[in-house]
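What follows is one structure encoded as structure tokens, with my remarks underneath.
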Amino acid sequence: MDDYRAQQVEALSVAHEYSGKLLNGIANISAELTGKRLLDTDQYLKELINGLNWIIEVINRTSDVLKEDGVDFNNDEVNAVIRELGDALRSKEDLRIEAALSGGVKDFIQKVEEVTASYANPS
């Protein structure tokens with residue numbers, strides 16, 4: 001395996017670990033956005049969005065490895081999910097943000113977790 005591919009595989013392994021943390025974060029922030037808002041909810045949401053951006057960057061930068069292994073993310077679908085979240089964030093409506101996170105964003109992160117599992121636990 002060449003060095004660049006090895007780095008991409010390592011990034012996918014880390015993305016697998018991190019996707020589980022993001023899913024946990026989505027569950028936590030969803031509770032806060034649906035009525036149990038805390039003093040640090042906005043900061044927590046910002047960190048969650050930064051994590052989501054990092055995952056998207058990893059998927060984009062490793063797409064050639066993923067495609068070689070038969071995995072292809074539908075960019076139009078991912079972009080639609082991100083646009084929905086962006087619109088919700090701009091609205092500053094907690095319930096709308098929560099719906100975007102617990103819907104399309106969560107589905108995307110779950111797919112990342114599934115497809116990256118083989119890189120984290122090679123057989």
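In the structure tokens, chains take letters A, B, ... by order of appearance, with residues numbered from 1 within each chain and ligands from 1 in the order shown.
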
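All residues of protein, DNA or RNA that reach within 10 Å of region 81-90 of chain A, judged by only C-alpha atoms and not counting those fewer than 5 positions away in the chain, are Leu45, Ile49, Leu52, Asn53, Ile56, Asn75, Asp76, Leu95, Arg96, Ile97, Glu98, Ala99, Ala100, Leu101, Gly103, Gly104, Val105, Lys106, Asp107 and Phe108 of chain A.
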
Env of region 65-68 of chain A: 8 Å cut, atoms = only C-alpha atoms, seq-sep filter 4 positions within chain, self excluded. Answer as number ranges by chain. A: 5, 8-9, 72

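Across the structure, CA of Glu10 (chain A) and CA of Val71 (chain A) are spaced 16.5 Å apart.
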
Out of A:Trp54, A:Asp94, A:Pro122, A:Ser102, which residue has the shortest atom-to-atom distance to Tyr18 (chain A) when counting only C-alpha atoms? A:Trp54

Among chain A, which residues does DSSP mark as helix (DSSP H, G or I) when it is run on the backbone? Keep the chain and numbering as in the structure and answer as a ChimeraX atom specification. /A:3-33,41-61,63-68,75-91,94-120

Expressed in Å to a single decimal, how great is the separation between CA of Asn28 (chain A) and CA of Gln43 (chain A)? 12.9 Å

Kindly indicate which residue among A:Asp40, A:Glu93, A:Asp3, A:Glu17 lies nearest to Ile109 (chain A), using only C-alpha atoms for the distances.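 Answer, going by the shortest atom-to-atom distance: A:Glu17.
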
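Residues in contact range of Ala6 (chain A), defined as at most 12 Å between only C-alpha atoms, with sequence neighbours fewer than 6 positions away removed, read Leu12, Ser13, Thr62, Val65 and Tyr119 of chain A.
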